[in-house]
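Asks: Supplied structure: structure-v1.csv, CSV, C-alpha atoms.
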```csv
chain,number,residue,atom,x,y,z
A,1,GLN,CA,175.7,109.3,74.8
A,2,ARG,CA,172.4,110.9,73.8
A,3,SER,CA,172.3,114.7,73.7
A,4,CYS,CA,169.4,116.8,72.8
A,5,ARG,CA,168.4,120.4,73.4
A,6,PHE,CA,165.1,121.9,74.2
A,7,GLY,CA,165.8,124.9,71.9
A,8,ARG,CA,168.2,125.2,68.9
A,9,ALA,CA,171.8,124.1,68.8
A,10,PRO,CA,174.2,125.5,71.4
A,11,HIS,CA,174.7,129.2,70.7
A,12,PRO,CA,178.1,131.0,70.5
A,13,GLY,CA,178.9,133.0,73.5
A,14,TRP,CA,177.7,136.3,72.0
A,15,ARG,CA,174.4,134.9,71.1
A,16,MET,CA,173.7,133.7,74.6
A,17,CYS,CA,174.6,137.2,75.9
A,18,VAL,CA,172.2,138.7,73.4
A,19,LEU,CA,169.4,136.4,74.5
A,20,SER,CA,170.0,137.1,78.1
A,21,LEU,CA,170.1,140.8,77.5
A,22,ARG,CA,166.9,140.8,75.5
A,23,VAL,CA,165.0,139.0,78.2
A,24,THR,CA,166.4,141.2,80.9
A,25,LEU,CA,165.6,144.4,79.0
A,26,LEU,CA,162.0,143.3,78.4
A,27,TYR,CA,161.6,142.5,82.0
A,28,VAL,CA,163.1,145.8,83.2
A,29,SER,CA,161.1,147.9,80.6
A,30,SER,CA,157.9,146.2,81.6
A,31,VAL,CA,158.5,146.8,85.3
A,32,THR,CA,159.6,150.4,84.9
A,33,SER,CA,156.6,151.2,82.7
A,34,LEU,CA,154.3,150.1,85.5
A,35,MET,CA,156.0,152.1,88.2
A,36,PRO,CA,155.0,155.7,89.0
A,37,THR,CA,157.4,158.3,87.7
A,38,SER,CA,156.4,161.1,90.2
A,39,SER,CA,157.9,159.4,93.2
A,40,SER,CA,161.3,160.9,93.9
A,41,GLY,CA,162.4,158.0,96.0
A,42,SER,CA,161.8,155.3,93.4
A,43,PHE,CA,164.9,153.4,92.5
A,44,PHE,CA,163.7,152.7,88.9
A,45,ARG,CA,162.7,155.4,86.5
A,46,ALA,CA,160.3,155.0,83.6
A,47,ILE,CA,161.8,155.2,80.2
A,48,PRO,CA,161.5,158.8,78.8
A,49,ARG,CA,158.6,159.1,76.5
A,50,ARG,CA,157.2,161.7,74.1
A,51,PRO,CA,153.8,163.2,74.9
A,52,SER,CA,151.3,160.8,73.5
A,53,SER,CA,149.6,161.7,70.2
A,54,PRO,CA,145.8,161.7,70.0
A,55,VAL,CA,144.4,158.3,70.6
A,56,MET,CA,143.5,156.6,67.4
A,57,TRP,CA,142.0,153.5,68.8
A,58,THR,CA,141.4,152.5,72.4
A,59,PHE,CA,141.5,149.0,74.0
A,60,HIS,CA,137.7,149.0,74.3
A,61,GLY,CA,137.1,149.7,70.6
A,62,LYS,CA,135.8,153.2,71.1
A,63,GLY,CA,138.3,155.4,69.3
A,64,LYS,CA,137.9,158.7,67.6
A,65,ARG,CA,137.5,156.9,64.3
A,66,PRO,CA,134.4,154.7,64.3
A,67,ASP,CA,135.8,152.5,61.5
A,68,GLY,CA,138.7,151.5,63.7
A,69,PRO,CA,142.4,151.4,62.8
A,70,ASP,CA,143.3,152.1,59.2
A,71,LEU,CA,145.0,149.7,56.8
A,72,ALA,CA,148.5,150.8,57.6
A,73,GLU,CA,148.0,150.2,61.4
A,74,ARG,CA,146.5,146.8,60.8
A,75,MET,CA,149.4,145.8,58.6
A,76,LEU,CA,152.0,147.1,61.1
A,77,ALA,CA,150.2,145.4,64.0
A,78,SER,CA,150.4,142.1,62.2
A,79,TRP,CA,154.0,142.6,61.0
A,80,VAL,CA,155.4,142.8,64.5
A,81,TYR,CA,154.8,139.1,65.1
A,82,LEU,CA,157.6,138.5,62.7
A,83,LEU,CA,160.0,138.7,65.7
A,84,PRO,CA,158.6,135.7,67.6
A,85,ALA,CA,158.1,133.8,64.2
A,86,LEU,CA,161.8,134.1,63.5
A,87,ASP,CA,162.8,133.0,67.0
A,88,GLY,CA,160.3,130.2,67.1
A,89,PHE,CA,160.8,128.8,63.6
A,90,GLU,CA,163.1,126.0,64.7
A,91,TYR,CA,160.7,124.6,67.2
A,92,GLY,CA,158.8,123.1,64.3
A,93,SER,CA,161.6,120.9,63.0
A,94,TYR,CA,159.8,117.7,63.8
A,95,ILE,CA,156.5,119.0,62.5
A,96,TYR,CA,158.0,120.0,59.2
A,97,ARG,CA,159.3,116.5,58.7
A,98,GLU,CA,155.8,115.0,59.2
A,99,LEU,CA,153.9,117.4,56.9
A,100,PRO,CA,155.1,117.7,53.3
A,101,LEU,CA,153.5,121.0,52.6
A,102,LEU,CA,155.0,122.6,55.7
A,103,ASN,CA,158.3,121.0,54.9
A,104,THR,CA,158.3,122.6,51.5
A,105,ILE,CA,157.5,126.0,53.0
A,106,ALA,CA,160.1,125.6,55.7
A,107,LYS,CA,162.8,124.8,53.2
A,108,MET,CA,161.9,128.0,51.3
A,109,VAL,CA,162.0,130.1,54.5
A,110,ALA,CA,165.0,128.5,56.3
A,111,PRO,CA,167.7,130.4,54.4
A,112,SER,CA,166.2,133.7,55.4
A,113,VAL,CA,165.8,132.6,59.0
A,114,ALA,CA,169.4,131.3,59.1
A,115,ALA,CA,170.7,134.6,57.6
A,116,TYR,CA,168.8,136.6,60.2
A,117,GLN,CA,170.1,134.5,63.1
A,118,SER,CA,173.7,134.5,61.8
A,119,PHE,CA,173.9,138.3,61.6
A,120,PRO,CA,175.4,139.6,64.9
A,121,PHE,CA,172.9,141.4,67.2
A,122,SER,CA,170.1,141.3,64.5
A,123,SER,CA,167.6,140.0,67.0
A,124,LEU,CA,168.7,142.5,69.6
A,125,LEU,CA,168.3,145.4,67.2
A,126,PHE,CA,164.9,144.2,66.1
A,127,PHE,CA,163.8,143.9,69.7
A,128,LEU,CA,165.1,147.3,70.7
A,129,ALA,CA,163.4,148.9,67.7
A,130,LEU,CA,160.0,147.4,68.7
A,131,SER,CA,160.6,148.3,72.4
A,132,ALA,CA,161.2,151.9,71.5
A,133,PHE,CA,157.8,152.2,70.0
A,134,SER,CA,156.1,150.2,72.8
A,135,VAL,CA,157.6,151.7,76.0
A,136,GLY,CA,160.4,153.9,74.8
A,137,SER,CA,160.8,157.5,73.6
A,138,LEU,CA,158.9,156.8,70.3
A,139,ARG,CA,155.8,155.5,72.2
A,140,GLY,CA,153.6,158.5,71.4
A,141,SER,CA,154.1,158.1,67.6
A,142,LEU,CA,151.8,155.0,67.4
A,143,SER,CA,148.3,154.3,68.4
A,144,SER,CA,147.5,152.0,71.4
A,145,PHE,CA,146.2,149.4,68.9
A,146,VAL,CA,149.7,149.0,67.4
A,147,ARG,CA,151.5,149.4,70.8
A,148,PHE,CA,149.4,146.6,72.3
A,149,ASN,CA,150.4,144.2,69.5
A,150,ILE,CA,154.1,145.2,69.8
A,151,GLN,CA,154.1,144.4,73.5
A,152,GLN,CA,152.2,141.2,73.1
A,153,ALA,CA,154.7,140.1,70.4
A,154,LEU,CA,157.6,140.9,72.7
A,155,PHE,CA,156.1,138.9,75.6
A,156,LEU,CA,155.5,136.0,73.2
A,157,ASP,CA,159.1,136.2,72.0
A,158,MET,CA,160.3,136.2,75.6
A,159,LEU,CA,158.4,133.0,76.2
A,160,LEU,CA,160.0,131.4,73.2
A,161,LEU,CA,163.5,132.5,74.3
A,162,LEU,CA,163.4,131.1,77.8
A,163,PRO,CA,164.2,127.5,76.9
A,164,PHE,CA,167.3,128.8,74.9
A,165,LEU,CA,168.6,130.4,78.1
A,166,PHE,CA,168.3,127.1,80.0
A,167,PRO,CA,169.4,124.4,77.5
A,168,GLU,CA,170.1,121.9,80.3
A,169,LEU,CA,166.3,121.6,80.7
A,170,GLY,CA,166.2,119.7,77.4
A,171,ASN,CA,168.8,117.2,78.6
A,172,TRP,CA,166.9,116.8,81.9
A,173,VAL,CA,163.6,116.1,80.1
A,174,LEU,CA,165.4,113.7,77.8
A,175,HIS,CA,166.8,111.8,80.7
A,176,VAL,CA,163.6,111.7,82.7
A,177,ALA,CA,160.9,111.2,80.1
A,178,GLY,CA,162.7,110.3,76.9
A,179,PRO,CA,162.9,111.8,73.4
A,180,SER,CA,159.1,111.7,72.8
A,181,ALA,CA,158.4,114.1,75.7
A,182,LEU,CA,161.1,116.5,74.4
A,183,ILE,CA,159.6,116.4,70.9
A,184,MET,CA,156.1,117.0,72.4
A,185,LEU,CA,157.4,120.1,74.2
A,186,ARG,CA,159.1,121.5,71.1
A,187,ASN,CA,155.9,121.0,69.1
A,188,LEU,CA,153.9,122.7,71.9
A,189,MET,CA,156.1,125.7,71.7
A,190,TRP,CA,155.7,125.8,67.9
A,191,TYR,CA,151.9,125.5,68.1
A,192,THR,CA,151.9,128.3,70.7
A,193,TRP,CA,153.6,130.9,68.6
A,194,VAL,CA,151.8,129.9,65.5
A,195,GLY,CA,148.4,130.0,67.2
A,196,VAL,CA,149.0,133.4,68.9
A,197,ALA,CA,150.5,135.0,65.8
A,198,GLY,CA,147.7,133.6,63.6
A,199,TYR,CA,145.0,134.7,65.9
A,200,ALA,CA,146.5,138.2,66.2
A,201,THR,CA,146.9,138.5,62.4
A,202,VAL,CA,143.3,137.5,61.8
A,203,CYS,CA,142.0,140.0,64.5
A,204,ASN,CA,144.3,142.8,63.2
A,205,THR,CA,143.2,142.4,59.6
A,206,GLN,CA,139.6,142.8,60.9
A,207,GLY,CA,140.4,145.8,63.0
A,208,ARG,CA,139.8,144.0,66.2
A,209,LEU,CA,142.2,144.0,69.2
A,210,PRO,CA,143.7,140.4,69.7
A,211,ASP,CA,143.3,140.6,73.5
A,212,GLN,CA,142.1,137.1,74.3
A,213,VAL,CA,145.4,135.4,74.6
A,214,PRO,CA,145.7,134.1,78.2
A,215,VAL,CA,148.3,135.8,80.4
A,216,LEU,CA,150.0,137.5,77.4
A,217,SER,CA,147.2,139.9,76.5
A,218,SER,CA,146.6,141.1,80.1
A,219,ALA,CA,150.3,141.7,80.6
A,220,ALA,CA,150.5,143.5,77.3
A,221,LYS,CA,147.6,145.8,78.2
A,222,HIS,CA,149.1,146.8,81.5
A,223,VAL,CA,152.4,147.8,79.8
A,224,ALA,CA,151.1,149.3,76.6
A,225,GLU,CA,148.2,151.4,77.8
```
Take the structure I supplied and represent it as structure tokens, if you would.
Replies:
Amino acid sequence: QRSCRFGRAPHPGWRMCVLSLRVTLLYVSSVTSLMPTSSSGSFFRAIPRRPSSPVMWTFHGKGKRPDGPDLAERMLASWVYLLPALDGFEYGSYIYRELPLLNTIAKMVAPSVAAYQSFPFSSLLFFLALSAFSVGSLRGSLSSFVRFNIQQALFLDMLLLLPFLFPELGNWVLHVAGPSALIMLRNLMWYTWVGVAGYATVCNTQGRLPDQVPVLSSAAKHVAE
């Protein structure tokens, strides 16, 4: 009997709980950040935040510093895409086999990714740390340039995690369309996170806001600004 999963191998119970919790927290934090806090009858409350520090860089490129974000901000804004890179690494398993150079790089990176995934709640802690700077109490300590990249990375990560929460989807695709369709979907997910992370890194190193990603960028703007 053939068996294949859209995401990685079946997770232990605690991992599935962590994945579900991460997606739920991201959804709730996104919703509450968009809701007004002055309404006394509102069921949800926005996460407590510190007063925002002076804006270093706005979404329209007109900050108080004409030269844009400094080197530390650019590096930090690029580093946050490590979260979706770690979660999306295994989507490229078939691509690594076909391209010798990527296969060599993947073999070098795989032990670090495996160690990260095997440590209990490591992904949840990473997620919570980024969320605290995006919509949580530490929000005011970073510029809008960095906050936008954090939120976009979180949304990208949520997109990558959705198939892991519904592993039966892989078996359904395998049964209906065969292995080639499943491989194509896995490759598409890998190209998606590599493309978004690569585009964002290039823009960040140049001091430009990577806000041209369909759907993700507009959602990140609404939450981070």
Asks: Counting only C-alpha atoms, which of A:Leu216, A:Ala224, A:Ala110, A:Val176 gets nearest to Tyr96 in chain A?
Replies: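 Closest residue, counting only C-alpha atoms: A:Ala110.
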Asks: I need the residue nearest Leu162 in chain A from this list: A:Gly88, A:Val109, A:Tyr199, A:Glu98. Use all atoms listed in the file for the distance.
Replies: A:Gly88
Asks: Could you work out how far CA of Pro69 in chain A lies from CA of Ser143 in chain A, giving the answer in Å with one decimal?
Replies: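 One can read the CA of Ser143 in chain A to CA of Pro69 in chain A distance as 8.6 Å.
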Asks: State, in Å with one decimal place, the distance from CA of Phe127 in chain A to CA of Thr192 in chain A.
Replies: 19.6 Å
Asks: For each of A:Leu101, A:Ala129, A:Leu138, A:Cys203, take the minimum atom-to-atom distance to Leu154 in chain A, counting only C-alpha atoms, then give the residue where this is smallest.
Replies: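 Looking only at the distances to Leu154 in chain A, the closest residue turns out to be A:Ala129.
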Asks: In Å to one decimal, how far is CA of Tyr91 in chain A from CA of Asn187 in chain A?
Replies: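 These atoms are spaced 6.3 Å apart.
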Asks: Which is closer to Asp87 in chain A than all the others in A:Gly140, A:Pro163, A:Pro100, A:Pro179, using only C-alpha atoms?
Replies: A:Pro163
Asks: From the options A:Val196, A:Leu102, A:Leu169, A:Leu83, which residue's atoms come nearest to Ser217 in chain A, counting only C-alpha atoms?
Replies: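 Among the listed residues, the smallest separation from Ser217 in chain A belongs to A:Val196.
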Asks: Return the single residue from A:Ser218, A:Val146, A:Gln151, A:Tyr94 that is closest to Ala72 in chain A, with distances computed using only C-alpha atoms.
Replies: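 That would be A:Val146, the residue with the smallest distance to Ala72 in chain A.
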Asks: Determine, counting all atoms listed in the file, which protein, DNA and RNA residues have an atom within 9 Å of an atom of Ala220 in chain A; residues of the same chain fewer than 4 positions away are not included. Present the result as JSON, numbers by chain.
Replies: {"A": [30, 147, 148, 149, 150, 151, 152, 153, 154, 155, 211, 215, 216, 224, 225]}
Asks: Quick one: residues within 9 Å of (140.9, 143.9, 57.1) (file frame), counting all atoms listed in the file, please, as a PyMOL selection string.
Replies: chain A and resi 70-71+74-75+202-207
Asks: Select all residues near (159.0, 139.2, 62.3) (cut-off 12 Å, inclusive, file coordinates), counting only C-alpha atoms, and output them as an NGL selection string.
Replies: :A and (76-89 or 112-113 or 116 or 122-123 or 126-127 or 129-130 or 150 or 153-154 or 156-157 or 193 or 197)
